[in-house]
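Some notes on the structure that comes next.
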Amino acid sequence: MRNLLFLVFIAINSGIHTSAQTRTLTVVVDNLSNLPQTDVPVAVALPHDIRVRSANLVPSQNGNGYSSLPYQLDDLDDDGLNDELFFLTDLEGNEKRSFALTLSEQKPTETFPPRVYADMMLTNKKIKESNKQDLYISQLTVENGTNAYNMLHHHGAAFESELVGYRIYFDHRQTVDIYGKYRKGLELRQTQFYPDDEQKALGFGDDVLWVGNTLGLGTLRGWDGEQPKMLNDVAHRSQRLVATGPLRIIIEVKDRQWRVLPDEEPITMSIRYTLCAGHRDCSVDISFEDTPNEKLFVTGLINVKGSKAYTNQKGLRGCWGTDWPVSAKDSIGHKRETVGLGIRIPKENVVEERPADKDNYPIIVRPKDNRLHYDIVFTSDNESFGYHSADDWFLFLKEWDKQLERSKLVNISVSPKP
């Protein structure tokens with residue numbers, strides 16, 4: 001009898017440790033605009049008293065018996081625990097949608113088709129092909145003076161939605177570069193930013209912009225009062241894949257102890273680039289540690305050769321132009337590419353919009369509360385689904401500006417609060 005009671009006690013305690021906890025929340029997404037919005041990002045902070053490893057997300061009227069809508073769980077602070085659940089939804093004008101969200105400690109049993117993709121890779125010198133590299137990594141930190149640009153295939157983190165592709169140079173420039181497509185779809189895993197002749201013949205995209213030492217598309221640099229200052233003097237430089245889909249990409253770039261000017265105190269800066277499925281625009285969120293808010297920085301756009309320009313004088317700026325996408329010595333096998341670029345900076349962060357010089361359309365900016373946010377966007381004239389003239393691109397930029405304002409009119413509430 002004593003042994004039997006002992007076995008019962010073990011069984012009960014085993015059940016306690018293996019049974020997964022669940023938590024049910026209601027998420028309400030309310031479009032306060034009278035215009036429809038598609039692929040609206042919804043982020044839900046997760047409770048800390050449950051180790052969330054999977055979820056079930058359904059419209060509230062359906063109940064929990066239905067298959068989950070696509071979502072992703074992200075560990076934003078790299079502590080091994082998921083901090084946020086993310087999904088996308090479409091909303092009609094003035095529509096309010098309610099979702100039943102059940103969080104669970106159980107391992108996920110389903111996967112969702114990817115609508116975004118990201119990777120980082122070390123260069124494998126044993127493999128000659130530029131689209132067959134295989135040394136995948138998720139983060140890298142190097143000390144000052146280490147040339148990680150040539151250590152990494154495609155020179156830094158690369159990421160894409162169905163519409164566009166980006167990459168961030170892992171060097172003192174930290175330039176944002178772009179990959180244009182002919183058709184919608186994910187293709188960076190196949191081309192690895194460098195399509196071969198066969199892939200080009202099949203309609204895969206390619207690098208469509210030569211950025212050199214310019215600001216590229218919305219790169220942030222220091223400012224000395226006259227010229228942009230690159231990130232030459234840093235103690236440590238890092239890139240990390242924070243979130244990799246299936247619906248959202250987050251890339252983090254971090255510079256510890258960056259001495260912008262020789263006589264200044266060093267600062268630490270973190271930049272997060274966020275790209276969502278269904279979007280061609282990318283959000284840029286920058287935070288500084290112990291940085292005076294009066295410090296100035298510069299961002300903007302490359303002055304594509306012979307480009308036409310647009311500005312609303314309130315932080316929205318764009319250009320449309322045509323140039324070789326690589327340096328002159330590497331132009332064999334490439335064609336001249338036409339692109340439209342855009343950047344939108346909140347008016348309160350804009351100090352001065354400077355005239356175009358030979359390299360850039362520069363905008364001087366100032367953080368507020370040690371933070372700075374702006375958005376970048378582009379199109380390639382190769383796109384079967386995009387924009388094909390300066391006039392059309394500038395009309396898009398004006399509508400994009402309004403769309404970003406409308407996105408502020410989406411209210412997200414969660415009950416009970418996590």
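Numbering starts fresh at 1 for the residues of each chain in the structure tokens, the chains themselves are lettered A, B, ... in the order given, and ligands are numbered from 1 as they appear.
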
Exercise for the section: Run DSSP on the backbone and give me the residues of region 251-327 of chain A it puts in strand (DSSP E or B), as an MDAnalysis selection string. Expected result: chainID A and resid 251:258 267:276 282:289 297:302 308:311 316:323

Exercise for the section: Fewer than 5 positions away in the same chain doesn't count, so skip those; otherwise give me all residues within 8 Å of region 226-232 of chain A, counting only C-alpha atoms, as an MDAnalysis selection string. Expected result: chainID A and resid 171:174 221 258:260 297:298

Handout entry: Long-range neighbours of Ser287 (chain A) as a PyMOL selection string, 7 Å cut-off, only C-alpha atoms, 6 positions minimum in chain
Key = chain A and resi 269-271+370-372

Residues from the last selection, N, CA and C atoms, saved as an mmCIF file, in the first residue's frame:
```
data_model
loop_
_atom_site.group_PDB
_atom_site.id
_atom_site.type_symbol
_atom_site.label_atom_id
_atom_site.label_comp_id
_atom_site.auth_asym_id
_atom_site.auth_seq_id
_atom_site.Cartn_x
_atom_site.Cartn_y
_atom_site.Cartn_z
ATOM 1 N N MET A 269 24.583 53.328 -29.875
ATOM 2 C CA MET A 269 23.395 53.473 -30.717
ATOM 3 C C MET A 269 22.896 52.106 -31.169
ATOM 4 N N SER A 270 21.592 51.895 -31.077
ATOM 5 C CA SER A 270 20.946 50.694 -31.604
ATOM 6 C C SER A 270 19.938 51.103 -32.668
ATOM 7 N N ILE A 271 19.981 50.430 -33.812
ATOM 8 C CA ILE A 271 19.033 50.683 -34.900
ATOM 9 C C ILE A 271 18.289 49.391 -35.195
ATOM 10 N N ASN A 370 16.137 60.752 -26.713
ATOM 11 C CA ASN A 370 17.152 59.765 -27.099
ATOM 12 C C ASN A 370 16.631 58.712 -28.067
ATOM 13 N N ARG A 371 15.599 59.081 -28.811
ATOM 14 C CA ARG A 371 15.034 58.168 -29.811
ATOM 15 C C ARG A 371 14.767 58.906 -31.115
ATOM 16 N N LEU A 372 14.786 58.146 -32.192
ATOM 17 C CA LEU A 372 14.502 58.699 -33.509
ATOM 18 C C LEU A 372 13.831 57.614 -34.340
#
```

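For Leu101 (chain A), the residues within 9 Å (counting only C-alpha atoms, excluding itself and residues fewer than 3 positions away along the chain) are Arg23, Thr24, Leu25, Thr26, Val27, Ala55, Asn56, Leu57, Val58, Pro59, Ser60 and Asn64 of chain A.
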
Would you export the selected residues with N, CA and C atoms as a short mmCIF file (atom, residue, chain, number, x, y, z; two decimals), in the first residue's frame, please?
```
data_model
loop_
_atom_site.label_atom_id
_atom_site.label_comp_id
_atom_site.auth_asym_id
_atom_site.auth_seq_id
_atom_site.Cartn_x
_atom_site.Cartn_y
_atom_site.Cartn_z
N ARG A 23 -3.41 30.65 -21.67
CA ARG A 23 -3.97 31.93 -21.30
C ARG A 23 -4.77 32.44 -22.49
N THR A 24 -5.99 32.91 -22.27
CA THR A 24 -6.83 33.40 -23.35
C THR A 24 -7.01 34.91 -23.22
N LEU A 25 -6.74 35.60 -24.32
CA LEU A 25 -6.88 37.04 -24.39
C LEU A 25 -7.81 37.42 -25.53
N THR A 26 -8.37 38.60 -25.46
CA THR A 26 -9.15 39.16 -26.56
C THR A 26 -8.40 40.36 -27.11
N VAL A 27 -8.12 40.33 -28.41
CA VAL A 27 -7.41 41.42 -29.08
C VAL A 27 -8.40 42.14 -30.00
N ALA A 55 0.48 29.47 -30.02
CA ALA A 55 -0.76 30.23 -29.84
C ALA A 55 -1.81 29.75 -30.82
N ASN A 56 -3.03 30.15 -30.55
CA ASN A 56 -4.13 29.96 -31.50
C ASN A 56 -4.84 31.30 -31.63
N LEU A 57 -4.91 31.80 -32.86
CA LEU A 57 -5.47 33.13 -33.13
C LEU A 57 -6.61 33.00 -34.13
N VAL A 58 -7.82 33.34 -33.69
CA VAL A 58 -9.00 33.22 -34.55
C VAL A 58 -9.91 34.41 -34.34
N PRO A 59 -10.72 34.76 -35.34
CA PRO A 59 -11.75 35.79 -35.10
C PRO A 59 -12.64 35.37 -33.93
N SER A 60 -13.00 36.29 -33.06
CA SER A 60 -13.70 35.96 -31.82
C SER A 60 -14.98 35.19 -32.06
N ASN A 64 -12.51 28.80 -30.38
CA ASN A 64 -11.18 28.21 -30.42
C ASN A 64 -11.08 26.92 -31.22
#
```

Completion exercise
Here CA of Val208 (chain A) and CA of Arg336 (chain A) stand apart by 8.2 Å

List the spatial neighbours of region 133-150 of chain A as a PDB file with N, CA and C atoms, in the first residue's frame - criterion: any atom at most 9 Å away, only C-alpha atoms, same-chain residues fewer than 6 positions off excluded.
```
ATOM      1  N   ASP A 119      18.474  36.656 -43.795  1.00  0.00           N
ATOM      2  CA  ASP A 119      19.612  35.820 -43.463  1.00  0.00           C
ATOM      3  C   ASP A 119      20.868  36.651 -43.263  1.00  0.00           C
ATOM      4  N   MET A 120      21.836  36.027 -42.574  1.00  0.00           N
ATOM      5  CA  MET A 120      23.209  36.495 -42.496  1.00  0.00           C
ATOM      6  C   MET A 120      24.080  35.280 -42.769  1.00  0.00           C
ATOM      7  N   MET A 121      25.183  35.481 -43.493  1.00  0.00           N
ATOM      8  CA  MET A 121      26.055  34.356 -43.831  1.00  0.00           C
ATOM      9  C   MET A 121      27.504  34.781 -43.808  1.00  0.00           C
ATOM     10  N   LEU A 122      28.350  33.914 -43.272  1.00  0.00           N
ATOM     11  CA  LEU A 122      29.777  34.067 -43.464  1.00  0.00           C
ATOM     12  C   LEU A 122      30.131  33.585 -44.864  1.00  0.00           C
ATOM     13  N   THR A 123      31.139  34.182 -45.457  1.00  0.00           N
ATOM     14  CA  THR A 123      31.572  33.753 -46.782  1.00  0.00           C
ATOM     15  C   THR A 123      32.344  32.439 -46.683  1.00  0.00           C
ATOM     16  N   ASN A 124      31.882  31.449 -47.423  1.00  0.00           N
ATOM     17  CA  ASN A 124      32.561  30.153 -47.494  1.00  0.00           C
ATOM     18  C   ASN A 124      33.465  30.167 -48.726  1.00  0.00           C
ATOM     19  N   LYS A 125      34.765  30.316 -48.506  1.00  0.00           N
ATOM     20  CA  LYS A 125      35.700  30.451 -49.625  1.00  0.00           C
ATOM     21  C   LYS A 125      35.859  29.155 -50.416  1.00  0.00           C
ATOM     22  N   ILE A 127      33.354  27.579 -51.577  1.00  0.00           N
ATOM     23  CA  ILE A 127      32.272  27.588 -52.558  1.00  0.00           C
ATOM     24  C   ILE A 127      32.441  28.802 -53.449  1.00  0.00           C
ATOM     25  N   GLY A 156      26.500  41.751 -45.149  1.00  0.00           N
ATOM     26  CA  GLY A 156      25.686  42.101 -43.992  1.00  0.00           C
ATOM     27  C   GLY A 156      24.343  41.417 -44.069  1.00  0.00           C
ATOM     28  N   ALA A 157      23.473  41.727 -43.114  1.00  0.00           N
ATOM     29  CA  ALA A 157      22.141  41.122 -43.089  1.00  0.00           C
ATOM     30  C   ALA A 157      21.346  41.526 -44.333  1.00  0.00           C
ATOM     31  N   TYR A 169      24.995  47.100 -44.851  1.00  0.00           N
ATOM     32  CA  TYR A 169      26.436  46.863 -44.870  1.00  0.00           C
ATOM     33  C   TYR A 169      27.000  46.780 -43.450  1.00  0.00           C
ATOM     34  N   PHE A 170      27.824  45.761 -43.228  1.00  0.00           N
ATOM     35  CA  PHE A 170      28.461  45.570 -41.934  1.00  0.00           C
ATOM     36  C   PHE A 170      29.867  46.182 -41.990  1.00  0.00           C
ATOM     37  N   ASP A 171      29.924  47.499 -41.963  1.00  0.00           N
ATOM     38  CA  ASP A 171      31.198  48.196 -41.904  1.00  0.00           C
ATOM     39  C   ASP A 171      30.963  49.610 -41.396  1.00  0.00           C
ATOM     40  N   GLN A 192      20.608  34.768 -53.054  1.00  0.00           N
ATOM     41  CA  GLN A 192      21.559  35.260 -52.053  1.00  0.00           C
ATOM     42  C   GLN A 192      22.123  36.626 -52.443  1.00  0.00           C
ATOM     43  N   ASN A 232      33.431  55.215 -37.950  1.00  0.00           N
ATOM     44  CA  ASN A 232      34.786  54.668 -37.989  1.00  0.00           C
ATOM     45  C   ASN A 232      35.278  54.228 -36.626  1.00  0.00           C
ATOM     46  N   ASP A 233      35.002  55.027 -35.607  1.00  0.00           N
ATOM     47  CA  ASP A 233      35.570  54.791 -34.283  1.00  0.00           C
ATOM     48  C   ASP A 233      34.504  54.236 -33.350  1.00  0.00           C
ATOM     49  N   VAL A 234      34.384  52.907 -33.303  1.00  0.00           N
ATOM     50  CA  VAL A 234      33.439  52.248 -32.399  1.00  0.00           C
ATOM     51  C   VAL A 234      34.187  51.144 -31.649  1.00  0.00           C
ATOM     52  N   ALA A 235      33.746  50.865 -30.424  1.00  0.00           N
ATOM     53  CA  ALA A 235      34.381  49.788 -29.663  1.00  0.00           C
ATOM     54  C   ALA A 235      33.950  48.422 -30.194  1.00  0.00           C
ATOM     55  N   HIS A 236      32.644  48.256 -30.418  1.00  0.00           N
ATOM     56  CA  HIS A 236      32.099  47.011 -30.959  1.00  0.00           C
ATOM     57  C   HIS A 236      30.979  47.347 -31.940  1.00  0.00           C
ATOM     58  N   ARG A 237      30.920  46.570 -33.010  1.00  0.00           N
ATOM     59  CA  ARG A 237      29.872  46.721 -34.017  1.00  0.00           C
ATOM     60  C   ARG A 237      29.148  45.379 -34.141  1.00  0.00           C
ATOM     61  N   SER A 238      27.793  45.405 -34.144  1.00  0.00           N
ATOM     62  CA  SER A 238      27.011  44.155 -34.167  1.00  0.00           C
ATOM     63  C   SER A 238      25.877  44.230 -35.174  1.00  0.00           C
ATOM     64  N   GLN A 239      25.521  43.065 -35.706  1.00  0.00           N
ATOM     65  CA  GLN A 239      24.258  42.880 -36.428  1.00  0.00           C
ATOM     66  C   GLN A 239      23.603  41.610 -35.889  1.00  0.00           C
ATOM     67  N   ARG A 240      22.266  41.657 -35.779  1.00  0.00           N
ATOM     68  CA  ARG A 240      21.527  40.510 -35.237  1.00  0.00           C
ATOM     69  C   ARG A 240      20.188  40.367 -35.924  1.00  0.00           C
ATOM     70  N   LEU A 241      19.833  39.120 -36.253  1.00  0.00           N
ATOM     71  CA  LEU A 241      18.491  38.825 -36.741  1.00  0.00           C
ATOM     72  C   LEU A 241      17.591  38.659 -35.526  1.00  0.00           C
ATOM     73  N   VAL A 242      16.781  39.653 -35.241  1.00  0.00           N
ATOM     74  CA  VAL A 242      15.902  39.621 -34.072  1.00  0.00           C
ATOM     75  C   VAL A 242      14.654  38.800 -34.359  1.00  0.00           C
ATOM     76  N   LYS A 254      23.958  47.471 -33.923  1.00  0.00           N
ATOM     77  CA  LYS A 254      24.342  48.140 -32.680  1.00  0.00           C
ATOM     78  C   LYS A 254      25.794  48.584 -32.749  1.00  0.00           C
TER      79      LYS A 254
END
```

Problem - Selection near region 398-400 of chain A, 9 Å with only C-alpha atoms, sequence-local residues under 5 positions removed, as a ChimeraX atom specification - result: /A:312,316,393,405

Problem - region 272-286 of chain A surroundings by only C-alpha atoms, 10 Å radius, close-in-sequence under 5 positions cut, as a ChimeraX atom specification - result: /A:38-41,87-88,114-117,159-166,168,176,184,218-220,239-254,342-345,367,370-379,400

Take the residues that were just selected and, keeping C-alpha atoms, output them as a compact mmCIF listing (two decimals), in the first residue's frame.
```txt
# COMPACT_ATOMS: atom_id res chain seq x y z
CA THR A 38 -4.36 46.22 -45.60
CA ASP A 39 -1.70 44.15 -43.85
CA VAL A 40 -2.07 46.21 -40.70
CA PRO A 41 0.68 45.24 -38.18
CA PHE A 87 0.12 39.21 -36.83
CA LEU A 88 -1.36 41.12 -39.78
CA PRO A 114 6.62 32.58 -45.06
CA ARG A 115 5.87 36.00 -46.50
CA VAL A 116 9.23 37.48 -45.49
CA TYR A 117 12.80 36.19 -45.34
CA PHE A 159 15.95 40.69 -45.82
CA GLU A 160 12.88 40.88 -48.00
CA SER A 161 9.11 40.98 -48.31
CA GLU A 162 7.26 39.77 -51.40
CA LEU A 163 7.80 43.22 -52.93
CA VAL A 164 11.35 44.35 -52.17
CA GLY A 165 14.70 43.38 -50.66
CA TYR A 166 17.18 45.26 -48.46
CA ILE A 168 22.69 46.55 -44.35
CA VAL A 176 21.14 50.58 -46.52
CA LYS A 184 6.24 39.42 -56.37
CA GLY A 218 18.01 56.38 -45.29
CA THR A 219 21.36 55.50 -43.70
CA LEU A 220 22.02 57.36 -40.44
CA GLN A 239 24.26 42.88 -36.43
CA ARG A 240 21.53 40.51 -35.24
CA LEU A 241 18.49 38.83 -36.74
CA VAL A 242 15.90 39.62 -34.07
CA ALA A 243 12.82 38.30 -35.92
CA THR A 244 12.79 36.26 -39.12
CA GLY A 245 9.16 35.72 -40.05
CA PRO A 246 6.89 34.38 -41.32
CA LEU A 247 5.26 37.87 -41.21
CA ARG A 248 7.84 40.33 -39.91
CA ILE A 249 11.59 40.87 -40.10
CA ILE A 250 13.53 42.82 -37.48
CA ILE A 251 17.26 43.46 -38.00
CA GLU A 252 19.25 45.08 -35.20
CA VAL A 253 22.46 47.03 -35.80
CA LYS A 254 24.34 48.14 -32.68
CA GLY A 342 11.76 57.82 -50.50
CA ILE A 343 12.21 58.77 -46.85
CA ARG A 344 9.73 60.17 -44.32
CA ILE A 345 10.93 61.74 -41.08
CA PRO A 367 16.52 62.71 -31.69
CA ASN A 370 17.15 59.77 -27.10
CA ARG A 371 15.03 58.17 -29.81
CA LEU A 372 14.50 58.70 -33.51
CA HIS A 373 12.04 57.04 -35.89
CA TYR A 374 11.65 57.35 -39.63
CA ASP A 375 10.52 55.27 -42.62
CA ILE A 376 12.19 54.40 -45.92
CA VAL A 377 10.76 53.01 -49.15
CA PHE A 378 11.75 52.28 -52.74
CA THR A 379 10.61 50.89 -56.07
CA TRP A 400 2.40 56.85 -48.54
```

Exercise for the section: Return the single residue from A:Asp30, A:Asp74, A:Glu129, A:Glu352 that is closest to Glu92 (chain A), with distances computed using only C-alpha atoms. Expected result: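 Of A:Asp30, A:Asp74, A:Glu129, A:Glu352, the one nearest Glu92 (chain A) is A:Asp30, counting only C-alpha atoms.
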
Problem - Best match for closeness to Ser407 (chain A) among A:Phe394, A:Cys319, A:Val42, A:Ser98, counting only C-alpha atoms - result: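 Residue with the minimum atom-to-atom distance to Ser407 (chain A): A:Val42.
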
Completion exercise
As a check of understanding: the span from CA of Phe288 (chain A) to CA of Thr268 (chain A) is 5.8 Å

With the cut-off set at 8 Å and counting only C-alpha atoms, tabulate each residue of region 28-110 of chain A with an atom at most that distance from an atom of region 413-417 of chain A, showing the nearest atom pair and its distance in Å to one decimal, ordered by chain and increasing number, as JSON lines.
```
{"residue": "A:Val28", "atom": "CA", "partner": "A:Ser413", "partner_atom": "CA", "distance": 5.2}
{"residue": "A:Val29", "atom": "CA", "partner": "A:Ser413", "partner_atom": "CA", "distance": 6.7}
{"residue": "A:Val44", "atom": "CA", "partner": "A:Val414", "partner_atom": "CA", "distance": 7.6}
```

I need the residues from that last selection saved to file as a PDB file, in the first residue's frame (with all heavy atoms), if you can.
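Wrote result11.pdb, looks like this:
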```
ATOM      1  N   VAL A  28      -8.555  43.423 -29.790  1.00  0.00           N
ATOM      2  CA  VAL A  28      -9.464  44.227 -30.607  1.00  0.00           C
ATOM      3  C   VAL A  28      -8.634  45.213 -31.422  1.00  0.00           C
ATOM      4  O   VAL A  28      -7.817  45.967 -30.873  1.00  0.00           O
ATOM      5  CB  VAL A  28     -10.487  44.981 -29.735  1.00  0.00           C
ATOM      6  CG1 VAL A  28     -11.383  45.863 -30.619  1.00  0.00           C
ATOM      7  CG2 VAL A  28     -11.336  43.997 -28.939  1.00  0.00           C
ATOM      8  N   VAL A  29      -8.847  45.213 -32.739  1.00  0.00           N
ATOM      9  CA  VAL A  29      -8.143  46.116 -33.644  1.00  0.00           C
ATOM     10  C   VAL A  29      -9.190  47.019 -34.290  1.00  0.00           C
ATOM     11  O   VAL A  29     -10.091  46.548 -34.987  1.00  0.00           O
ATOM     12  CB  VAL A  29      -7.356  45.337 -34.722  1.00  0.00           C
ATOM     13  CG1 VAL A  29      -6.504  46.290 -35.549  1.00  0.00           C
ATOM     14  CG2 VAL A  29      -6.494  44.260 -34.081  1.00  0.00           C
ATOM     15  N   VAL A  44       1.285  42.227 -29.936  1.00  0.00           N
ATOM     16  CA  VAL A  44       0.696  41.990 -28.619  1.00  0.00           C
ATOM     17  C   VAL A  44       1.805  41.610 -27.645  1.00  0.00           C
ATOM     18  O   VAL A  44       2.504  40.608 -27.850  1.00  0.00           O
ATOM     19  CB  VAL A  44      -0.360  40.866 -28.671  1.00  0.00           C
ATOM     20  CG1 VAL A  44      -0.930  40.602 -27.283  1.00  0.00           C
ATOM     21  CG2 VAL A  44      -1.458  41.204 -29.669  1.00  0.00           C
TER      22      VAL A  44
END
```

Handout entry: Filtered DSSP result for region 17-64 of chain A, state helix (DSSP H, G or I), as an MDAnalysis selection string
Key = chainID A and resid 17:18 60:62
